[in-house]
Structures are given as structure tokens and as C-alpha cells.
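Chemist: Contents of final.txt (compact mmCIF, C-alpha atoms) are below:
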# COMPACT_ATOMS: atom_id res chain seq x y z
CA MET W 21 237.45 21.89 208.14
CA ASP W 22 236.52 23.07 211.59
CA MET W 23 233.04 21.82 212.34
CA SER W 24 232.48 23.66 215.60
CA PRO W 25 229.60 26.12 215.57
CA THR W 26 230.57 29.77 215.33
CA ARG W 27 229.11 32.14 217.89
CA VAL W 28 226.49 34.18 216.12
CA THR W 29 224.45 37.02 217.50
CA ALA W 30 220.70 37.54 217.10
CA ALA W 31 221.50 40.24 214.51
CA ASP W 32 223.69 37.75 212.61
CA LEU W 33 220.88 35.22 212.67
CA CYS W 34 218.46 37.75 211.24
CA LEU W 35 221.00 38.53 208.52
CA VAL W 36 221.62 34.87 207.74
CA ASN W 37 217.92 34.15 207.43
CA ALA W 38 217.37 37.19 205.24
CA ILE W 39 220.13 36.29 202.79
CA GLU W 40 219.25 32.60 202.74
CA ASP W 41 215.76 33.47 201.59
CA GLY W 42 217.33 35.63 198.92
CA LEU W 43 217.98 39.30 198.45
CA PRO W 44 215.03 41.40 197.35
CA LEU W 45 215.56 42.28 193.68
CA VAL W 46 215.64 46.02 194.22
CA PRO W 47 218.45 48.54 193.64
CA ARG W 48 219.46 48.70 197.34
CA PRO W 49 218.76 45.23 198.76
CA PHE W 50 221.02 45.64 201.81
CA GLU W 51 219.11 48.71 202.93
CA ASP W 52 215.93 46.66 202.70
CA ILE W 53 217.44 43.81 204.78
CA GLY W 54 218.75 46.36 207.27
CA ARG W 55 215.24 47.67 207.86
CA ARG W 56 214.08 44.12 208.65
CA CYS W 57 217.01 43.42 211.00
CA GLY W 58 217.26 46.82 212.65
CA MET W 59 220.62 47.61 211.07
CA SER W 60 221.94 50.26 208.72
CA GLU W 61 222.86 49.38 205.13
CA ALA W 62 226.56 49.71 206.02
CA GLU W 63 226.14 47.38 209.02
CA VAL W 64 224.48 44.77 206.80
CA ILE W 65 227.34 44.91 204.29
CA ASP W 66 229.99 44.77 207.02
CA GLY W 67 228.13 41.92 208.70
CA LEU W 68 228.01 39.92 205.47
CA ARG W 69 231.73 40.52 204.85
CA ARG W 70 232.49 39.24 208.33
CA LEU W 71 230.24 36.19 207.99
CA GLN W 72 232.00 35.41 204.71
CA ALA W 73 235.44 35.84 206.26
CA GLU W 74 234.44 33.57 209.16
CA GLY W 75 233.26 30.95 206.69
CA VAL W 76 229.66 30.99 207.93
CA VAL W 77 228.59 32.19 204.47
CA LYS W 78 230.17 29.79 201.96
CA ARG W 79 229.07 31.78 198.99
CA LEU W 80 226.82 34.66 198.17
CA GLY W 81 225.43 34.96 194.69
CA VAL W 82 223.07 33.51 192.15
CA ILE W 83 221.79 30.14 193.42
CA VAL W 84 221.15 28.05 190.33
CA ARG W 85 218.60 25.25 190.18
CA HIS W 86 220.50 22.69 188.17
CA HIS W 87 217.51 20.55 187.34
CA GLU W 88 215.80 23.41 185.50
CA LEU W 89 218.96 24.02 183.46
CA GLY W 90 219.05 20.47 182.16
CA TYR W 91 221.22 18.87 184.85
CA ARG W 92 218.78 16.07 185.42
CA ALA W 93 221.28 13.36 186.35
CA ASN W 94 222.12 14.11 189.95
CA ALA W 95 224.00 11.33 191.68
CA MET W 96 224.95 10.92 195.29
CA VAL W 97 227.92 8.57 195.17
CA VAL W 98 228.73 6.81 198.43
CA TRP W 99 231.79 4.77 199.34
CA ASP W 100 232.75 2.38 202.12
CA VAL W 101 236.28 3.61 202.73
CA PRO W 102 238.62 2.38 205.49
CA ASP W 103 238.43 5.03 208.23
CA SER W 104 242.16 5.69 208.03
CA GLN W 105 241.87 6.72 204.36
CA VAL W 106 238.65 8.69 204.30
CA GLY W 107 240.16 12.16 204.75
CA ASP W 108 242.85 11.61 202.15
CA LEU W 109 240.38 10.21 199.64
CA GLY W 110 237.81 12.94 200.30
CA ARG W 111 240.40 15.57 199.48
CA ARG W 112 241.44 13.72 196.31
CA PHE W 113 237.84 13.35 195.12
CA SER W 114 237.29 17.06 195.67
CA ALA W 115 239.98 17.93 193.15
CA PHE W 116 237.79 16.64 190.29
CA ASP W 117 235.73 19.43 188.82
CA PHE W 118 232.58 17.32 188.43
CA VAL W 119 232.51 16.59 192.17
CA THR W 120 230.41 19.42 193.62
CA LEU W 121 230.30 18.36 197.28
CA CYS W 122 232.24 15.82 199.31
CA TYR W 123 231.56 14.91 202.93
CA ARG W 124 232.38 12.30 205.53
CA ARG W 125 229.30 10.96 207.32
CA PRO W 126 228.85 8.11 209.82
CA ARG W 127 228.09 4.52 208.83
CA ARG W 128 224.85 3.10 210.28
CA LEU W 129 225.35 -0.64 210.26
CA PRO W 130 223.76 -2.86 209.16
CA ASP W 131 221.57 -0.53 207.06
CA TRP W 132 224.21 1.80 205.74
CA PRO W 133 227.90 0.85 205.35
CA TYR W 134 229.06 3.99 203.50
CA ASN W 135 231.11 6.76 205.11
CA LEU W 136 232.20 9.01 202.23
CA PHE W 137 229.66 10.93 200.15
CA CYS W 138 230.13 13.00 197.02
CA MET W 139 227.73 14.65 194.61
CA VAL W 140 228.07 14.56 190.84
CA HIS W 141 225.69 16.64 188.69
CA GLY W 142 225.42 15.95 184.98
CA LYS W 143 223.08 16.22 182.03
CA ALA W 144 223.08 12.51 181.25
CA ARG W 145 223.12 9.43 183.40
CA ASP W 146 225.65 7.53 181.27
CA ARG W 147 228.09 10.41 181.46
CA VAL W 148 227.77 10.63 185.25
CA LEU W 149 228.43 6.88 185.56
CA GLU W 150 231.53 7.27 183.36
CA GLN W 151 232.75 10.08 185.57
CA VAL W 152 232.27 7.96 188.68
CA ASP W 153 234.25 5.09 187.07
CA HIS W 154 236.95 7.54 186.10
CA LEU W 155 237.08 8.92 189.64
CA ALA W 156 237.36 5.43 191.14
CA ARG W 157 240.14 4.39 188.75
CA GLU W 158 242.15 7.59 189.10
CA CYS W 159 242.01 7.39 192.89
CA GLY W 160 242.78 3.68 193.00
CA VAL W 161 239.51 2.71 194.67
CA ALA W 162 237.77 0.83 191.85
CA ASP W 163 237.54 -2.21 194.14
CA ILE W 164 236.03 -0.66 197.23
CA PRO W 165 232.26 -0.95 197.70
CA ARG W 166 230.29 1.99 196.39
CA ALA W 167 226.76 2.84 195.36
CA VAL W 168 225.38 5.49 193.02
CA LEU W 169 222.04 6.93 194.11
CA PHE W 170 220.46 8.98 191.33
CA SER W 171 217.82 11.43 192.44
CA GLY W 172 214.23 10.92 191.41
CA ARG W 173 211.40 13.20 192.40
CA ARG W 174 212.20 16.43 194.22
CA PHE W 175 209.67 16.96 196.95
CA LYS W 176 211.17 20.14 198.40
CA GLN W 177 214.10 22.43 197.65
CA ARG W 178 214.83 25.74 199.30
CA GLY W 179 217.38 27.44 201.50
CA ALA W 180 217.73 26.28 205.09
CA ARG W 181 216.05 28.10 207.93
CA TYR W 182 217.80 28.39 211.23
CA SER W 183 215.47 30.66 213.12
CA ARG W 184 213.44 29.26 215.96
CA PRO W 185 209.77 28.72 215.09
CA GLU W 186 208.62 31.43 217.51
CA GLU W 187 210.80 33.94 215.69
CA THR W 188 209.30 33.32 212.27
CA MET K 971 224.11 41.81 174.69
CA ASP K 972 220.92 39.90 174.02
CA ILE K 973 218.74 38.51 176.80
CA GLN K 974 220.02 34.97 176.41
CA ASP K 975 223.65 36.02 176.71
CA LEU K 976 222.81 38.21 179.68
CA GLU K 977 221.05 35.32 181.40
CA LYS K 978 223.97 32.96 180.75
CA ARG K 979 226.45 35.44 182.17
CA LEU K 980 224.27 36.06 185.22
CA LEU K 981 223.93 32.32 185.82
CA ASN K 982 227.58 31.53 185.36
CA ASP K 983 229.60 34.53 186.53
CA PHE K 984 227.86 35.46 189.78
CA GLN K 985 227.36 32.20 191.67
CA ARG K 986 229.81 33.30 194.31
CA ASP K 987 230.72 36.88 193.54
CA LEU K 988 227.83 39.07 194.53
CA PRO K 989 229.40 42.52 195.00
CA LEU K 990 229.11 43.57 198.64
CA GLU K 991 228.35 47.22 198.05
CA PRO K 992 225.21 49.33 198.37
CA ARG K 993 224.10 48.75 194.78
CA PRO K 994 225.27 45.21 193.94
CA PHE K 995 223.07 44.88 190.85
CA LEU K 996 224.48 48.11 189.46
CA ALA K 997 228.01 46.75 189.98
CA MET K 998 227.02 43.55 188.15
CA ALA K 999 225.47 45.62 185.36
CA GLU K 1000 228.65 47.64 184.96
CA ARG K 1001 230.71 44.48 184.67
CA LEU K 1002 228.36 43.17 182.00
CA GLY K 1003 227.89 46.43 180.14
CA VAL K 1004 224.12 46.62 180.68
CA THR K 1005 221.86 48.68 182.92
CA GLU K 1006 220.88 47.94 186.51
CA ASP K 1007 217.25 47.63 185.39
CA GLU K 1008 218.20 45.00 182.84
CA VAL K 1009 220.04 42.95 185.50
CA LEU K 1010 217.14 43.19 187.95
CA SER K 1011 214.59 42.27 185.32
CA ALA K 1012 216.66 39.32 184.00
CA LEU K 1013 217.19 37.99 187.53
CA GLY K 1014 213.46 38.33 188.20
CA ASP K 1015 212.71 36.34 185.03
CA LEU K 1016 215.24 33.63 185.96
CA ARG K 1017 213.62 33.33 189.34
CA ASP K 1018 210.10 33.21 187.88
CA THR K 1019 211.07 30.46 185.42
CA GLY K 1020 212.79 28.49 188.21
CA ALA K 1021 216.29 28.61 186.70
CA ILE K 1022 217.50 30.20 189.95
CA SER K 1023 216.02 29.75 193.38
CA ARG K 1024 217.28 33.10 194.65
CA VAL K 1025 220.13 35.55 194.76
CA GLY K 1026 221.36 34.75 198.21
CA ALA K 1027 223.70 32.77 200.38
CA VAL K 1028 224.75 29.21 200.97
CA ILE K 1029 225.50 28.79 204.66
CA ARG K 1030 228.12 26.35 205.93
CA PRO K 1031 226.32 23.45 207.60
CA ASN K 1032 226.36 23.56 211.39
CA SER K 1033 227.85 27.05 211.50
CA VAL K 1034 224.64 28.60 212.73
CA GLY K 1035 222.51 25.97 214.32
CA ALA K 1036 222.64 22.27 213.51
CA SER K 1037 221.76 20.15 210.52
CA THR K 1038 221.79 16.59 209.31
CA LEU K 1039 221.10 14.45 206.27
CA ALA K 1040 218.41 11.88 206.97
CA ALA K 1041 217.36 8.79 205.02
CA MET K 1042 214.34 6.48 205.16
CA ALA K 1043 213.34 3.25 203.45
CA VAL K 1044 209.73 3.93 202.53
CA PRO K 1045 207.46 1.34 200.86
CA PRO K 1046 207.10 2.71 197.30
CA GLN K 1047 203.30 2.93 197.49
CA ASP K 1048 203.64 5.20 200.57
CA LEU K 1049 206.41 7.41 199.25
CA GLU K 1050 204.31 10.41 198.20
CA ARG K 1051 202.40 10.46 201.46
CA VAL K 1052 205.52 10.14 203.63
CA ALA K 1053 207.39 12.70 201.50
CA ALA K 1054 204.56 15.20 201.98
CA LEU K 1055 204.62 14.62 205.72
CA VAL K 1056 208.41 15.20 205.78
CA SER K 1057 208.22 18.30 203.55
CA ALA K 1058 205.56 19.81 205.80
CA HIS K 1059 208.20 20.31 208.50
CA ALA K 1060 209.56 23.86 208.29
CA ALA K 1061 212.92 22.42 209.44
CA VAL K 1062 213.22 20.33 206.25
CA ASN K 1063 214.69 22.04 203.21
CA HIS K 1064 215.86 19.56 200.58
CA ASN K 1065 213.73 16.44 200.26
CA TYR K 1066 214.46 14.02 197.41
CA GLU K 1067 213.61 10.60 196.18
CA ARG K 1068 216.69 8.50 195.41
CA GLU K 1069 217.04 5.18 193.65
CA HIS K 1070 217.91 2.86 196.51
CA ARG K 1071 216.21 0.80 199.20
CA LEU K 1072 216.69 3.98 201.26
CA ASN K 1073 214.55 6.00 198.87
CA LEU K 1074 213.78 9.24 200.73
CA TRP K 1075 216.59 11.66 201.59
CA PHE K 1076 216.17 15.02 203.27
CA VAL K 1077 218.10 17.72 205.11
CA VAL K 1078 216.94 18.94 208.51
CA THR K 1079 218.18 22.23 210.00
CA ALA K 1080 217.33 23.61 213.42
CA PRO K 1081 218.77 26.06 215.95
CA ASP K 1082 220.52 23.22 217.79
CA ALA K 1083 221.11 19.45 217.81
CA ASP K 1084 218.13 18.81 220.10
CA GLY K 1085 215.89 20.55 217.58
CA VAL K 1086 217.18 18.31 214.78
CA ALA K 1087 216.67 15.19 216.90
CA ALA K 1088 213.11 16.26 217.75
CA VAL K 1089 212.23 16.55 214.05
CA LEU K 1090 213.70 13.11 213.26
CA ASP K 1091 211.84 11.58 216.23
CA ASP K 1092 208.58 13.18 215.17
CA ILE K 1093 208.89 11.88 211.60
CA SER K 1094 209.78 8.41 212.82
CA GLU K 1095 206.87 8.39 215.25
CA ARG K 1096 204.32 9.62 212.74
CA THR K 1097 205.38 7.21 209.99
CA GLY K 1098 206.36 4.20 212.06
CA LEU K 1099 209.54 4.02 209.96
CA ALA K 1100 213.18 4.23 210.99
CA VAL K 1101 215.02 7.46 210.13
CA LEU K 1102 218.78 7.21 209.61
CA ASP K 1103 220.64 10.23 210.97
CA LEU K 1104 223.77 10.93 208.85
CA PRO K 1105 225.28 14.21 210.06
CA MET K 1106 228.32 15.63 208.34
CA LEU K 1107 231.49 14.72 210.22
CA GLU K 1108 233.96 16.44 207.94
CA GLY K 1109 233.68 18.43 204.71
CA TYR K 1110 236.31 18.19 201.99
CA HIS K 1111 234.71 20.27 199.32
CA LEU K 1112 232.99 23.58 199.79
CA ASP K 1113 230.12 24.41 197.52
CA LEU K 1114 231.73 27.17 195.50
CA GLY K 1115 229.27 27.14 192.65
CA PHE K 1116 229.33 25.19 189.48
CA ALA K 1117 230.57 25.95 185.94
CA LEU K 1118 227.63 25.43 183.61
CA GLN K 1119 228.05 23.76 180.21
CA TRP K 1120 225.84 25.28 177.55
CA THR K 1121 226.30 22.69 174.82
Write the structure described by the file as C-alpha cells, please.
Modeler:
Amino acid sequence: MDMSPTRVTAADLCLVNAIEDGLPLVPRPFEDIGRRCGMSEAEVIDGLRRLQAEGVVKRLGVIVRHHELGYRANAMVVWDVPDSQVGDLGRRFSAFDFVTLCYRRPRRLPDWPYNLFCMVHGKARDRVLEQVDHLARECGVADIPRAVLFSGRRFKQRGARYSRPEET
Amino acid sequence: MDIQDLEKRLLNDFQRDLPLEPRPFLAMAERLGVTEDEVLSALGDLRDTGAISRVGAVIRPNSVGASTLAAMAVPPQDLERVAALVSAHAAVNHNYEREHRLNLWFVVTAPDADGVAAVLDDISERTGLAVLDLPMLEGYHLDLGFALQWT
């Protein structure tokens, strides 16, 4: 995946912030957003299509809060994978339907030796641990160091904000 | 369709498929065989009960502005206080406790990398604790939503 930032205009930024906060639940939400961003309804819709096509918007829809729906076992599973294998393994992990996110991140030795992260959401802890074992066996990495970090308290959860403080 | 079925369909079928047309909730209603009002009112209820956070977008990290995942090892008796200090930053969105020596994990987003670094520095300075900066280097799996199991 290309990680370089996409050039976005001030109008795009307004659009991104508006849709990250969530659409107003009214019959014509894009008209409403357009008023806030100084755009017509059609310009908002075209802008969102373009941001989707460019991959800036990964998805647009109902953003579910898993915890409230009973998905209380949320594990961040981290692996210390040889650097030469991390891309290959990341792609293989991603093929499993219970893996919801998978990223490469840097190690920070000596505190943090892990370079591959994936998220597994489930309703029960035991089941999540079984899935992680299954993943490790199927991908032939049962022997490499890993850790499973279940989430505890949630202190904050909302969409990101990219606008500069003086613009909010 | 009863309310429960409508809510299940709304939760499951529209995580990534919001119709991009002037009346998206009407288009959803037509697909589900209900009225636009029923869709709007069910979505409002789901939001009020916390089952959904919003009808909106997930933005690819680092596509507009910069972001990172940060981790701290906080003495357990200080965790609530430090977590509140971290959450108070407008640049922090997710902020979770995790079961590990590194027990506080949060995401920082800002217009650029300097902005992210400034937030991490501020948190480190105000808590006297180290903050690990773990930015995404490569993504293998896009967040495309999640099939819910009802049983």
C-alpha cells in the first residue's frame, strides 16, 4: 500500500472532517455538509466519490461500536517476524476473516520487539485465543515470539480529526 | 420488517456501502423495503444506544495529515489520571487500556508529522513517562467493515 500522503485541498479537508464526525441524520445530509463547506450537494457527492477512488476514504457507512454489540474480547496480536518475511506474513494473516486490521510497525528495542500487528475481535476470550493459535499454525509461525494484548478500559473512542486547532 | 431485523440489517449491510446520492437514507430504505423515516429513526436509536458511533467515514491513516499509534507503561495506580490527561488532547482519538506492561495505547492524528511529535512530547513531558511512537509502516488489511455474528 502506498503510504505517501495524498494532496488534499482545504475543501477536501472540510469534507473529510465533516464525514468523519458522521453525516447528519436528515434526508439530504450532503446538502447539509455542503452548506458547512461552501459546496453544492453535487460537489460534496463528487468529492466523496473521488476521495473514495483515491483511497483516502477507506469506507463510508455505518460505523459499528463492537464493544456495545457484545464483541468484548478485542485483542491486538503482535509478532516479532524476521524483516524479510513481514510483508508476506502480513498478507497471509489478512486473508483470515477474523483478522480485521493488519499493519507493519517499527520495533522499539529493548521495550518493544514486535513489528507485525493484527487485530482480532471476538465475543469470548477463549475463542479469540483459539483463533490466534489457528492463525499461527496455519501460517507456520507457531514458534515465533508473539503477544496477545486484550483491551481493558476504553478511555476514548471517536473518529480522527485532522483539522488544525485554529480551524475548529 | 420488525425493528430488530431492521437494526440488524442496518448494522450489517451498510458498513461500507453508503449510497452516494442526494438521499442516501431513502436509497437504503428502498433496498430494505421500509421508509426513509424508519431508517433515519432506527439509525438515530442505534447512535443513542451506542451501537454505532456514527454514519460516516473511515479515513486511511496518513492520507490526510499524519497519525501514529503510541504506547506507554503507566504505573497501574496512575493509569486513570494519565489516561484522562491523554484523552484531553483533541489530537487523540482512540485511547485504550491493554493487558501488558505497556498498558496504555492511543492513536494521535494531526495535520502533519511535527504536530504528532508535539503531542507525544507534551504527554511525555507532563507525565514524566516514556511514550513509544509506533507509526504504521505498511498496511496489509484495509478496514472494510466486519460481518457481525448474531448468535
Chemist: Output the contact residues of chain K with respect to chain W at a cut-off of 7 Å, based on all atoms listed in the file, as a VMD selection string.
Modeler: chain K and resid 981 984 to 988 990 to 993 995 1010 1020 to 1030 1032 to 1035 1053 1057 1061 1063 to 1070 1079 to 1081 1104 to 1114
Chemist: Go ahead and compute the interatomic distance for CA of Leu1039 in chain K and CA of Asn982 in chain K, in Å to one decimal.
Modeler: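 The value is 27.8 Å.
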Chemist: At what distance in Å, to one decimal, does CA of Arg145 in chain W lie from CA of Ala1041 in chain K?
Modeler: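 Computed distance, CA of Ala1041 in chain K to CA of Arg145 in chain W, equals 22.4 Å.
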Chemist: Quick one: of K:Leu1072, K:Val1052, K:Ala1058, K:Leu1013, who's nearest to Thr1097 in chain K, counting all atoms listed in the file?
Modeler: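 Closest to Thr1097 in chain K of all the choices is K:Val1052.
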Chemist: Given 6 Å of margin on each side, can you work out the centre and size in Å (one decimal) of an axis-aligned box holding every listed atom of range 50-60 of chain W, as lines of an AutoDock Vina configuration file?
Modeler:
center_x = 218.0
center_y = 46.8
center_z = 207.2
size_x = 19.9
size_y = 18.8
size_z = 22.8
Chemist: Mind giving me the straight-line distance from CA of Cys159 in chain W to CA of Ala144 in chain W in Å, one decimal?
Modeler: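 Separation between CA of Cys159 in chain W and CA of Ala144 in chain W: 22.8 Å.
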Chemist: Around the point (229.4, 3.8, 199.2) in the file's coordinates, collect all residues with an atom within 6 Å, using all atoms listed in the file, and return them as a compact mmCIF listing (two decimals) with C-alpha atoms, in the coordinates of the input.
Modeler:
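Final output, saved to selection25.txt:
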# COMPACT_ATOMS: atom_id res chain seq x y z
CA VAL W 98 228.73 6.81 198.43
CA TRP W 99 231.79 4.77 199.34
CA ASP W 100 232.75 2.38 202.12
CA TYR W 134 229.06 3.99 203.50
CA PRO W 165 232.26 -0.95 197.70
CA ARG W 166 230.29 1.99 196.39
CA ALA W 167 226.76 2.84 195.36
Chemist: May I ask you to restore N, CA, C and O atoms in range 1043-1054 of chain K and write the result as a PDB file, keeping the file's coordinate frame?
Modeler:
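Heads up, here's the output in result.pdb:
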ATOM      1  N   ALA K1043     213.784   4.255 204.421  1.00  0.00           N
ATOM      2  CA  ALA K1043     213.340   3.250 203.450  1.00  0.00           C
ATOM      3  C   ALA K1043     211.819   3.202 203.526  1.00  0.00           C
ATOM      4  O   ALA K1043     211.254   2.687 204.484  1.00  0.00           O
ATOM      5  N   VAL K1044     211.178   3.793 202.519  1.00  0.00           N
ATOM      6  CA  VAL K1044     209.730   3.930 202.530  1.00  0.00           C
ATOM      7  C   VAL K1044     209.136   2.952 201.502  1.00  0.00           C
ATOM      8  O   VAL K1044     209.617   2.912 200.371  1.00  0.00           O
ATOM      9  N   PRO K1045     208.107   2.187 201.882  1.00  0.00           N
ATOM     10  CA  PRO K1045     207.460   1.340 200.860  1.00  0.00           C
ATOM     11  C   PRO K1045     207.026   2.226 199.694  1.00  0.00           C
ATOM     12  O   PRO K1045     206.420   3.286 199.926  1.00  0.00           O
ATOM     13  N   PRO K1046     207.350   1.830 198.449  1.00  0.00           N
ATOM     14  CA  PRO K1046     207.100   2.710 197.300  1.00  0.00           C
ATOM     15  C   PRO K1046     205.677   3.258 197.231  1.00  0.00           C
ATOM     16  O   PRO K1046     205.483   4.426 196.890  1.00  0.00           O
ATOM     17  N   GLN K1047     204.690   2.439 197.600  1.00  0.00           N
ATOM     18  CA  GLN K1047     203.300   2.930 197.490  1.00  0.00           C
ATOM     19  C   GLN K1047     203.000   4.021 198.516  1.00  0.00           C
ATOM     20  O   GLN K1047     202.031   4.760 198.374  1.00  0.00           O
ATOM     21  N   ASP K1048     203.851   4.160 199.546  1.00  0.00           N
ATOM     22  CA  ASP K1048     203.640   5.200 200.570  1.00  0.00           C
ATOM     23  C   ASP K1048     204.520   6.424 200.377  1.00  0.00           C
ATOM     24  O   ASP K1048     204.467   7.369 201.162  1.00  0.00           O
ATOM     25  N   LEU K1049     205.361   6.380 199.343  1.00  0.00           N
ATOM     26  CA  LEU K1049     206.410   7.410 199.250  1.00  0.00           C
ATOM     27  C   LEU K1049     205.841   8.828 199.175  1.00  0.00           C
ATOM     28  O   LEU K1049     206.306   9.716 199.883  1.00  0.00           O
ATOM     29  N   GLU K1050     204.844   9.043 198.341  1.00  0.00           N
ATOM     30  CA  GLU K1050     204.310  10.410 198.200  1.00  0.00           C
ATOM     31  C   GLU K1050     203.748  10.927 199.519  1.00  0.00           C
ATOM     32  O   GLU K1050     203.971  12.072 199.887  1.00  0.00           O
ATOM     33  N   ARG K1051     203.028  10.054 200.202  1.00  0.00           N
ATOM     34  CA  ARG K1051     202.400  10.460 201.460  1.00  0.00           C
ATOM     35  C   ARG K1051     203.469  10.804 202.503  1.00  0.00           C
ATOM     36  O   ARG K1051     203.423  11.841 203.160  1.00  0.00           O
ATOM     37  N   VAL K1052     204.462   9.911 202.641  1.00  0.00           N
ATOM     38  CA  VAL K1052     205.520  10.140 203.630  1.00  0.00           C
ATOM     39  C   VAL K1052     206.339  11.376 203.246  1.00  0.00           C
ATOM     40  O   VAL K1052     206.693  12.200 204.096  1.00  0.00           O
ATOM     41  N   ALA K1053     206.611  11.542 201.953  1.00  0.00           N
ATOM     42  CA  ALA K1053     207.390  12.700 201.500  1.00  0.00           C
ATOM     43  C   ALA K1053     206.655  13.996 201.846  1.00  0.00           C
ATOM     44  O   ALA K1053     207.275  14.973 202.279  1.00  0.00           O
ATOM     45  N   ALA K1054     205.340  13.992 201.678  1.00  0.00           N
ATOM     46  CA  ALA K1054     204.560  15.200 201.980  1.00  0.00           C
ATOM     47  C   ALA K1054     204.609  15.504 203.477  1.00  0.00           C
ATOM     48  O   ALA K1054     204.745  16.661 203.886  1.00  0.00           O
TER      49      ALA K1054
END
